[in-house]
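Q: Got a structure for you, written out below as structure tokens; questions coming shortly.
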Amino acid sequence: MSVLSIQNILIIDDSADYRKLLTTFFRKVCPSAHVEEYDPAKGRPPESFSWGDFDLLILDYDLGNGENGLEWLRQYKTSVDFPPTIMLTAKDNEELVVNAIRFGAQSFLRKPGLTRNLLIESINDALTKYKQEKHKASSQKIQVHLFNKEKFFETLKTVKKNDAVYLVEIDKYQSLYETLGIFATDKFVNFFIDTISRTIKTAGYRGQMTRIADSTVAVLLANNDPAVDIENLAKKLCNAFNHAEYKNDNVTVKFSVNIGAISIDEEKSDVMSILAKIEHACRKARETDGNSYIIEWHEIVKVPPAFDQAFGIEVTNALEEDRLKLLFQSLILVSGTAHKDYKDIYQARVSLLDINNNIIEPKKFLPVLEKSKSMKKLDRWVIRYCVSELAKLVSGKAKKPGILVPLSAQSIDDKGLTDWINKLIEHVKLPGLGNSLIFEVNVKDFLPNIRQAKLQFNKLRVKLNASIALIGLNELSVMEKCLLQEKFDFVIFSPEHTGKEKMPMDQIQNIINMAKEYKVLTVASKIDSGEYLALSASAGTDYVLGHFVQPPMENIISTEEVVVR
């Protein structure tokens, strides 16, 4: 198929003008084609949407109303006969390019500088790649789905006796990512997936393989006759990786894989039980050096029916699989005293996502992560994401935005944190980016760990030129104790959410007066009403933050100053 032979085209873009522009272009290039426009303001298409009716999809990245094309692509790519796809964006972001291809787009174009020739070239390229992918899929016994983990979990509900499930993960993936960079790492993961697919095909099995996280592939081998020899295949996978060599710029990349496997032993199996067993097997495999596997027999792990334990497994899996959602909430300046270094300031707010893509609130998952000592991993994920976002904004700007990022008790004691952040900043090649990071520490974590906190804060200030904020303040005596111990750049208090009664005006005033005495900027957070916005502003707070003032956003954008009169 070529541009001239296209019969039906679908354009999804939130800009009516841009949809019209593309429609005009296609009517000139392929006049016999029917062009259909879809306005994302109508909401996501239904699951029954006939994607197969189209020969080409032009999909914008920024769909407005907090929606983005990557999420749509990930959701709908599982549909049968999903068309060849070109993603458009106004942004210049290499990570976005990689993710678009990773989630199933055949080509990627930037709107700025887009020309007729570039679009024709991209269309022909997308059609060619699509044809090659279709041919490859039809010739393989194992179907490969990228990042369609929700569909995979749904498929697990259909497993039967003698089916087999494998979890194959790249050991120490984050170290590889930091060493190779995003493009080289993605090429390595493709090599990793191809090795698994080739080994299963050679063994004569059919199945479905899904990349459920950056470092992890899940494999379901169903309806095989004879049944899968589960341990023999695990050995073959390890042997394949023992002999597989991957080079990046002619340098051999050292890596190993961990494999967990389970054989379904009854006609109907609970999905949560399967996931718990396979995760348990993979964790045990990590304890052995080199390429290793563990077969999880049904009697080893028993998942209690209690909801709290099932929820604990869900939270752990969400973090392991990078099922996280980060939003940014803008601090609004209400006094004349802005921080000298920052044009705008945002607070990073993280939530986890369950397997159905529903949000798990921090108040529910944080106790689980604290108990499992996984807060450091969560903190690093948020920091990495924020550095990536900042890198898109700060280049060439004299006055940078600042982002408040959480620092848990576990991270206070993380001796390698500052050096790790420095490596992230070196990777994006923007010296001075550390100055945009404002580390939030809660009073309850600071006071029991004053010595470690002071050492950590000193390293963050000296090596990164970062700022420090104290959060969770309700009592004046506790605030004074903290300010006597450490110099903070911000104190953050929540006048409407103290855990008890709302703060009266004199308590708000006393907190702000003490902060001024110690030359610390104040932030009144979680503002949910006009009453407390006015009280905080009249008491002299420097910034306000909350849903009533401005709801959180998916992306960092420039804000306008709000004057409260």
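Residues in the structure tokens are named by chain (A, B, ... in the order shown) and by number from 1 within that chain; ligands are numbered from 1 in the order shown.
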Need to verify the contact set: Lys487 of chain A, 9 Å, only C-alpha atoms, exclusion of same-chain residues closer than 3 positions in sequence. Can you return it as a ChimeraX atom specification?

A: /A:468,482-484,518,520

Q: Store the residues picked out above in a file with N, CA and C atoms, as a PDB file, in the first residue's frame.

A:
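Saved result, result.pdb, follows:
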ATOM      1  N   ILE A 468      15.560  23.260  50.483  1.00  0.00           N
ATOM      2  CA  ILE A 468      14.922  22.314  51.395  1.00  0.00           C
ATOM      3  C   ILE A 468      13.654  22.941  51.963  1.00  0.00           C
ATOM      4  N   CYS A 482      12.375  22.736  65.000  1.00  0.00           N
ATOM      5  CA  CYS A 482      12.964  22.387  63.696  1.00  0.00           C
ATOM      6  C   CYS A 482      13.818  23.528  63.151  1.00  0.00           C
ATOM      7  N   LEU A 483      13.314  24.771  63.252  1.00  0.00           N
ATOM      8  CA  LEU A 483      14.040  25.918  62.703  1.00  0.00           C
ATOM      9  C   LEU A 483      15.310  26.229  63.489  1.00  0.00           C
ATOM     10  N   LEU A 484      15.346  25.840  64.747  1.00  0.00           N
ATOM     11  CA  LEU A 484      16.572  26.005  65.538  1.00  0.00           C
ATOM     12  C   LEU A 484      17.644  24.999  65.111  1.00  0.00           C
ATOM     13  N   TYR A 518      12.671  33.819  61.067  1.00  0.00           N
ATOM     14  CA  TYR A 518      13.790  32.954  60.657  1.00  0.00           C
ATOM     15  C   TYR A 518      14.104  33.111  59.165  1.00  0.00           C
ATOM     16  N   VAL A 520      12.273  32.532  56.454  1.00  0.00           N
ATOM     17  CA  VAL A 520      11.834  31.364  55.689  1.00  0.00           C
ATOM     18  C   VAL A 520      10.532  31.715  54.977  1.00  0.00           C
TER      19      VAL A 520
END

Q: To test your reading of the structure, identify every residue in segment 411-505 of chain A that backbone DSSP assigns to helix (DSSP H, G or I), and report it as number ranges by chain.

A: A: 411-412, 417-428, 433-436, 443-464, 476-485, 505

Q: Any chance you can output those residues with C-alpha atoms as a PDB file, in the first residue's frame?

A:
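Just written: selection_9.pdb:
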ATOM      1  CA  SER A 411      15.930   8.708  51.521  1.00  0.00           C
ATOM      2  CA  ILE A 412      17.231  10.884  54.345  1.00  0.00           C
ATOM      3  CA  LEU A 417      21.308   9.910  46.730  1.00  0.00           C
ATOM      4  CA  THR A 418      23.205  13.090  45.807  1.00  0.00           C
ATOM      5  CA  ASP A 419      25.683  11.304  43.524  1.00  0.00           C
ATOM      6  CA  TRP A 420      22.805   9.451  41.849  1.00  0.00           C
ATOM      7  CA  ILE A 421      20.982  12.740  41.160  1.00  0.00           C
ATOM      8  CA  ASN A 422      24.204  14.246  39.822  1.00  0.00           C
ATOM      9  CA  LYS A 423      24.441  11.395  37.302  1.00  0.00           C
ATOM     10  CA  LEU A 424      20.885  12.067  36.177  1.00  0.00           C
ATOM     11  CA  ILE A 425      21.732  15.737  35.636  1.00  0.00           C
ATOM     12  CA  GLU A 426      24.937  14.870  33.782  1.00  0.00           C
ATOM     13  CA  HIS A 427      22.899  12.594  31.525  1.00  0.00           C
ATOM     14  CA  VAL A 428      20.607  15.450  30.415  1.00  0.00           C
ATOM     15  CA  LEU A 433      19.550  21.780  37.046  1.00  0.00           C
ATOM     16  CA  GLY A 434      19.869  20.664  40.680  1.00  0.00           C
ATOM     17  CA  ASN A 435      19.004  24.193  41.748  1.00  0.00           C
ATOM     18  CA  SER A 436      15.451  23.567  40.502  1.00  0.00           C
ATOM     19  CA  VAL A 443       8.439  16.990  60.404  1.00  0.00           C
ATOM     20  CA  LYS A 444       7.779  13.412  61.563  1.00  0.00           C
ATOM     21  CA  ASP A 445      10.763  12.201  59.496  1.00  0.00           C
ATOM     22  CA  PHE A 446      13.074  15.114  60.346  1.00  0.00           C
ATOM     23  CA  LEU A 447      12.930  15.193  64.152  1.00  0.00           C
ATOM     24  CA  PRO A 448      13.806  11.500  64.769  1.00  0.00           C
ATOM     25  CA  ASN A 449      16.639  11.700  62.205  1.00  0.00           C
ATOM     26  CA  ILE A 450      18.116  15.164  62.747  1.00  0.00           C
ATOM     27  CA  ARG A 451      21.761  14.121  62.427  1.00  0.00           C
ATOM     28  CA  GLN A 452      21.289  12.138  59.189  1.00  0.00           C
ATOM     29  CA  ALA A 453      18.983  14.834  57.798  1.00  0.00           C
ATOM     30  CA  LYS A 454      21.484  17.629  58.383  1.00  0.00           C
ATOM     31  CA  LEU A 455      24.221  15.610  56.640  1.00  0.00           C
ATOM     32  CA  GLN A 456      21.930  14.830  53.686  1.00  0.00           C
ATOM     33  CA  PHE A 457      20.697  18.430  53.381  1.00  0.00           C
ATOM     34  CA  ASN A 458      24.273  19.706  53.394  1.00  0.00           C
ATOM     35  CA  LYS A 459      25.234  17.392  50.497  1.00  0.00           C
ATOM     36  CA  LEU A 460      22.142  18.355  48.521  1.00  0.00           C
ATOM     37  CA  ARG A 461      22.862  22.067  49.001  1.00  0.00           C
ATOM     38  CA  VAL A 462      26.606  21.925  48.326  1.00  0.00           C
ATOM     39  CA  LYS A 463      26.611  19.538  45.354  1.00  0.00           C
ATOM     40  CA  LEU A 464      23.273  20.426  43.743  1.00  0.00           C
ATOM     41  CA  LEU A 476       4.323  26.414  66.758  1.00  0.00           C
ATOM     42  CA  SER A 477       6.601  24.736  69.338  1.00  0.00           C
ATOM     43  CA  VAL A 478       7.479  21.918  66.909  1.00  0.00           C
ATOM     44  CA  MET A 479       8.166  24.432  64.156  1.00  0.00           C
ATOM     45  CA  GLU A 480      10.551  26.408  66.374  1.00  0.00           C
ATOM     46  CA  LYS A 481      12.402  23.236  67.369  1.00  0.00           C
ATOM     47  CA  CYS A 482      12.964  22.387  63.696  1.00  0.00           C
ATOM     48  CA  LEU A 483      14.040  25.918  62.703  1.00  0.00           C
ATOM     49  CA  LEU A 484      16.572  26.005  65.538  1.00  0.00           C
ATOM     50  CA  GLN A 485      18.144  22.822  64.179  1.00  0.00           C
ATOM     51  CA  MET A 505      -6.492  32.970  62.331  1.00  0.00           C
TER      52      MET A 505
END

Q: Would you pick out the contacts of Ile492 of chain A at 9 Å or less, using only C-alpha atoms, so that residues sharing its chain but fewer than 4 positions from it are not included, and give the list as a list in words?

A: Glu440, Ala469, Leu470, Ile471, Gly472, Leu473, Leu521, Thr522, Val523, Ala524 and Ser525 of chain A

Q: Deliver the residues from the most recent selection as a file, using N, CA and C atoms, as a tab-separated table (two decimals), in the first residue's frame.

A:
chain	number	residue	atom	x	y	z
A	440	GLU	N	11.29	18.18	49.90
A	440	GLU	CA	10.33	18.27	51.00
A	440	GLU	C	10.63	17.19	52.04
A	469	ALA	N	12.57	22.14	52.00
A	469	ALA	CA	11.30	22.60	52.55
A	469	ALA	C	10.88	21.68	53.69
A	470	LEU	N	10.31	22.26	54.72
A	470	LEU	CA	9.78	21.50	55.85
A	470	LEU	C	8.26	21.47	55.72
A	471	ILE	N	7.69	20.26	55.78
A	471	ILE	CA	6.26	20.10	55.57
A	471	ILE	C	5.63	19.38	56.76
A	472	GLY	N	4.32	19.53	56.91
A	472	GLY	CA	3.62	18.83	57.99
A	472	GLY	C	3.58	19.59	59.30
A	473	LEU	N	3.68	20.90	59.23
A	473	LEU	CA	3.70	21.72	60.45
A	473	LEU	C	2.29	22.05	60.92
A	521	LEU	N	10.41	31.31	53.72
A	521	LEU	CA	9.17	31.55	52.97
A	521	LEU	C	8.08	30.56	53.41
A	522	THR	N	6.84	30.99	53.40
A	522	THR	CA	5.73	30.15	53.86
A	522	THR	C	4.82	29.76	52.70
A	523	VAL	N	4.28	28.53	52.82
A	523	VAL	CA	3.32	28.01	51.84
A	523	VAL	C	2.12	27.47	52.61
A	524	ALA	N	0.96	28.03	52.37
A	524	ALA	CA	-0.27	27.48	52.93
A	524	ALA	C	-0.82	26.49	51.92
A	525	SER	N	-0.82	25.19	52.28
A	525	SER	CA	-1.16	24.15	51.31
A	525	SER	C	-2.54	23.56	51.57

Q: May I ask which of the residues A:Arg206, A:Lys415, A:Arg116, A:Arg211 is the closest one to Arg74 of chain A, counting only C-alpha atoms?

A: A:Arg211

Q: If we count only C-alpha atoms and set the cut-off at 8 Å, which residues sit around segment 316-320 of chain A, ignoring sequence neighbours fewer than 4 positions away in its own chain? Please answer as a PyMOL selection string.

A: chain A and resi 213+312+324+352-355+369+378

Q: Export C-alpha atoms of the chosen residues as a PDB file, in the first residue's frame?

A:
ATOM      1  CA  ALA A 213       7.165  -2.870  32.699  1.00  0.00           C
ATOM      2  CA  GLY A 312      -0.153  -5.025  49.576  1.00  0.00           C
ATOM      3  CA  LEU A 324       2.674   5.549  38.652  1.00  0.00           C
ATOM      4  CA  LEU A 352      -0.109   4.585  41.923  1.00  0.00           C
ATOM      5  CA  LEU A 353      -2.359   2.874  39.370  1.00  0.00           C
ATOM      6  CA  ASP A 354      -3.993  -0.509  39.841  1.00  0.00           C
ATOM      7  CA  ILE A 355      -4.169  -3.059  37.021  1.00  0.00           C
ATOM      8  CA  LEU A 369       5.589   1.142  50.967  1.00  0.00           C
ATOM      9  CA  LEU A 378       9.406   5.688  45.067  1.00  0.00           C
TER      10      LEU A 378
END

Q: So, counting only C-alpha atoms, which residue among A:Val441, A:Val253, A:Leu220, A:Leu237 is closest to Leu180 of chain A?

A: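 Closest candidate: A:Val253.
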
Q: Taking 6 positions as the minimum chain separation for residues in the same chain, which residues sit within 10 Å of Thr185 of chain A when counting only C-alpha atoms? Answer as a VMD selection string.

A: chain A and resid 173 to 174 176 to 179 191 214 248

Q: Store the residues picked out above in a file with N, CA and C atoms, as a PDB file, in the first residue's frame.

A:
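result.pdb, freshly written:
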ATOM      1  N   TYR A 173      18.099  -3.275  35.855  1.00  0.00           N
ATOM      2  CA  TYR A 173      17.702  -2.516  34.668  1.00  0.00           C
ATOM      3  C   TYR A 173      18.060  -1.041  34.782  1.00  0.00           C
ATOM      4  N   GLN A 174      17.866  -0.466  35.970  1.00  0.00           N
ATOM      5  CA  GLN A 174      18.099   0.970  36.126  1.00  0.00           C
ATOM      6  C   GLN A 174      19.549   1.334  35.863  1.00  0.00           C
ATOM      7  N   LEU A 176      21.536  -0.222  33.819  1.00  0.00           N
ATOM      8  CA  LEU A 176      21.687  -0.270  32.357  1.00  0.00           C
ATOM      9  C   LEU A 176      21.162   1.008  31.718  1.00  0.00           C
ATOM     10  N   TYR A 177      19.992   1.451  32.185  1.00  0.00           N
ATOM     11  CA  TYR A 177      19.366   2.655  31.635  1.00  0.00           C
ATOM     12  C   TYR A 177      20.267   3.870  31.826  1.00  0.00           C
ATOM     13  N   GLU A 178      20.834   3.997  33.025  1.00  0.00           N
ATOM     14  CA  GLU A 178      21.675   5.162  33.321  1.00  0.00           C
ATOM     15  C   GLU A 178      22.984   5.114  32.547  1.00  0.00           C
ATOM     16  N   THR A 179      23.443   3.897  32.214  1.00  0.00           N
ATOM     17  CA  THR A 179      24.702   3.744  31.470  1.00  0.00           C
ATOM     18  C   THR A 179      24.497   3.942  29.973  1.00  0.00           C
ATOM     19  N   PHE A 191      16.171  -6.422  21.740  1.00  0.00           N
ATOM     20  CA  PHE A 191      17.016  -7.617  21.647  1.00  0.00           C
ATOM     21  C   PHE A 191      16.592  -8.650  22.688  1.00  0.00           C
ATOM     22  N   ASP A 214       9.144  -1.573  32.131  1.00  0.00           N
ATOM     23  CA  ASP A 214      10.351  -1.299  31.349  1.00  0.00           C
ATOM     24  C   ASP A 214      11.289  -2.490  31.313  1.00  0.00           C
ATOM     25  N   ASN A 248      26.842  -2.460  22.326  1.00  0.00           N
ATOM     26  CA  ASN A 248      26.448  -1.072  22.119  1.00  0.00           C
ATOM     27  C   ASN A 248      27.703  -0.290  21.750  1.00  0.00           C
TER      28      ASN A 248
END

Q: Taking only C-alpha atoms into account, which of A:Gly260, A:Glu496, A:Ile193, A:Ile212 comes nearest Ala240 of chain A?

A: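 Closest candidate: A:Ile193.
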
Q: DSSP on the backbone: what in segment 157-329 of chain A comes out strand (DSSP E or B), as a PyMOL selection string?

A: chain A and resi 164-170+207-213+216-221+247-248+251-252+257-263+292-295+324-329

Q: Env of Asn99 of chain A: 12 Å cut, atoms = only C-alpha atoms, seq-sep filter 5 positions within chain, self excluded. Answer as a list of chain:residue names.

A: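 Contacts, with the query itself left out: A:Tyr61, A:Gly69, A:Leu70, A:Glu71, A:Leu73, A:Arg74, A:Met87, A:Asn93, A:Glu94, A:Gly104, A:Ala105, A:Gln106, A:Ser107, A:Phe108, A:Leu146, A:Phe147, A:Ile182, A:Phe183, A:Asp186, A:Asp214.
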
Q: Quick one: everything within 12 Å of Ala203 of chain A, counting only C-alpha atoms, minus sequence neighbours fewer than 2 positions away in the same chain. Send it as a ChimeraX atom specification.

A: /A:141-142,196-201,205-207,221,224,226-230,232-237,240

Q: What would the file look like if the residues just selected were written as a short mmCIF file (atom, residue, chain, number, x, y, z; two decimals), in the first residue's frame with N, CA and C atoms?

A:
data_model
loop_
_atom_site.label_atom_id
_atom_site.label_comp_id
_atom_site.auth_asym_id
_atom_site.auth_seq_id
_atom_site.Cartn_x
_atom_site.Cartn_y
_atom_site.Cartn_z
N LYS A 141 4.89 -17.92 16.14
CA LYS A 141 3.91 -18.65 16.94
C LYS A 141 3.57 -17.91 18.21
N ILE A 142 4.40 -16.95 18.57
CA ILE A 142 4.12 -16.20 19.80
C ILE A 142 3.80 -14.76 19.46
N ILE A 196 13.75 -13.92 23.78
CA ILE A 196 12.70 -14.72 24.42
C ILE A 196 11.77 -15.32 23.36
N SER A 197 11.31 -14.48 22.43
CA SER A 197 10.38 -14.93 21.39
C SER A 197 10.99 -16.05 20.55
N ARG A 198 12.26 -15.87 20.16
CA ARG A 198 12.94 -16.86 19.32
C ARG A 198 13.10 -18.20 20.06
N THR A 199 13.41 -18.13 21.35
CA THR A 199 13.61 -19.35 22.14
C THR A 199 12.30 -20.12 22.28
N ILE A 200 11.21 -19.42 22.53
CA ILE A 200 9.91 -20.08 22.68
C ILE A 200 9.46 -20.68 21.35
N LYS A 201 9.69 -19.96 20.27
CA LYS A 201 9.33 -20.46 18.94
C LYS A 201 10.12 -21.71 18.60
N TYR A 205 6.46 -23.84 20.98
CA TYR A 205 5.27 -23.45 21.75
C TYR A 205 4.61 -22.20 21.16
N ARG A 206 3.32 -22.09 21.44
CA ARG A 206 2.56 -20.90 21.07
C ARG A 206 2.21 -20.14 22.33
N GLY A 207 2.10 -18.83 22.20
CA GLY A 207 1.76 -18.07 23.39
C GLY A 207 1.62 -16.59 23.12
N LEU A 221 1.74 -19.15 27.98
CA LEU A 221 1.74 -20.23 27.00
C LEU A 221 0.50 -21.08 27.26
N ASN A 224 -1.22 -25.48 24.53
CA ASN A 224 -0.16 -26.19 23.83
C ASN A 224 -0.34 -27.70 24.00
N PRO A 226 1.82 -31.16 22.91
CA PRO A 226 1.75 -31.51 24.34
C PRO A 226 1.93 -30.28 25.23
N ALA A 227 1.61 -30.44 26.50
CA ALA A 227 1.72 -29.34 27.46
C ALA A 227 3.17 -28.88 27.59
N VAL A 228 3.35 -27.63 28.02
CA VAL A 228 4.67 -27.02 28.14
C VAL A 228 5.48 -27.75 29.22
N ASP A 229 6.70 -28.14 28.87
CA ASP A 229 7.65 -28.64 29.87
C ASP A 229 8.25 -27.41 30.53
N ILE A 230 7.66 -26.98 31.64
CA ILE A 230 7.93 -25.65 32.19
C ILE A 230 9.39 -25.47 32.61
N ASN A 232 12.06 -27.27 31.57
CA ASN A 232 12.94 -27.39 30.41
C ASN A 232 13.00 -26.08 29.63
N LEU A 233 11.83 -25.42 29.47
CA LEU A 233 11.81 -24.15 28.75
C LEU A 233 12.55 -23.07 29.54
N ALA A 234 12.41 -23.07 30.87
CA ALA A 234 13.14 -22.09 31.70
C ALA A 234 14.64 -22.26 31.52
N LYS A 235 15.09 -23.54 31.47
CA LYS A 235 16.52 -23.81 31.24
C LYS A 235 16.95 -23.31 29.87
N LYS A 236 16.08 -23.53 28.87
CA LYS A 236 16.43 -23.08 27.51
C LYS A 236 16.53 -21.55 27.44
N LEU A 237 15.65 -20.85 28.15
CA LEU A 237 15.72 -19.39 28.17
C LEU A 237 17.02 -18.92 28.82
N ALA A 240 19.82 -19.58 26.45
CA ALA A 240 19.82 -18.61 25.34
C ALA A 240 20.49 -17.31 25.76
#

Q: Can you tell me how far atom CA of Ile383 of chain A sits from atom CA of Tyr346 of chain A, in Å to one decimal?

A: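 These two atoms are separated by 13.2 Å.
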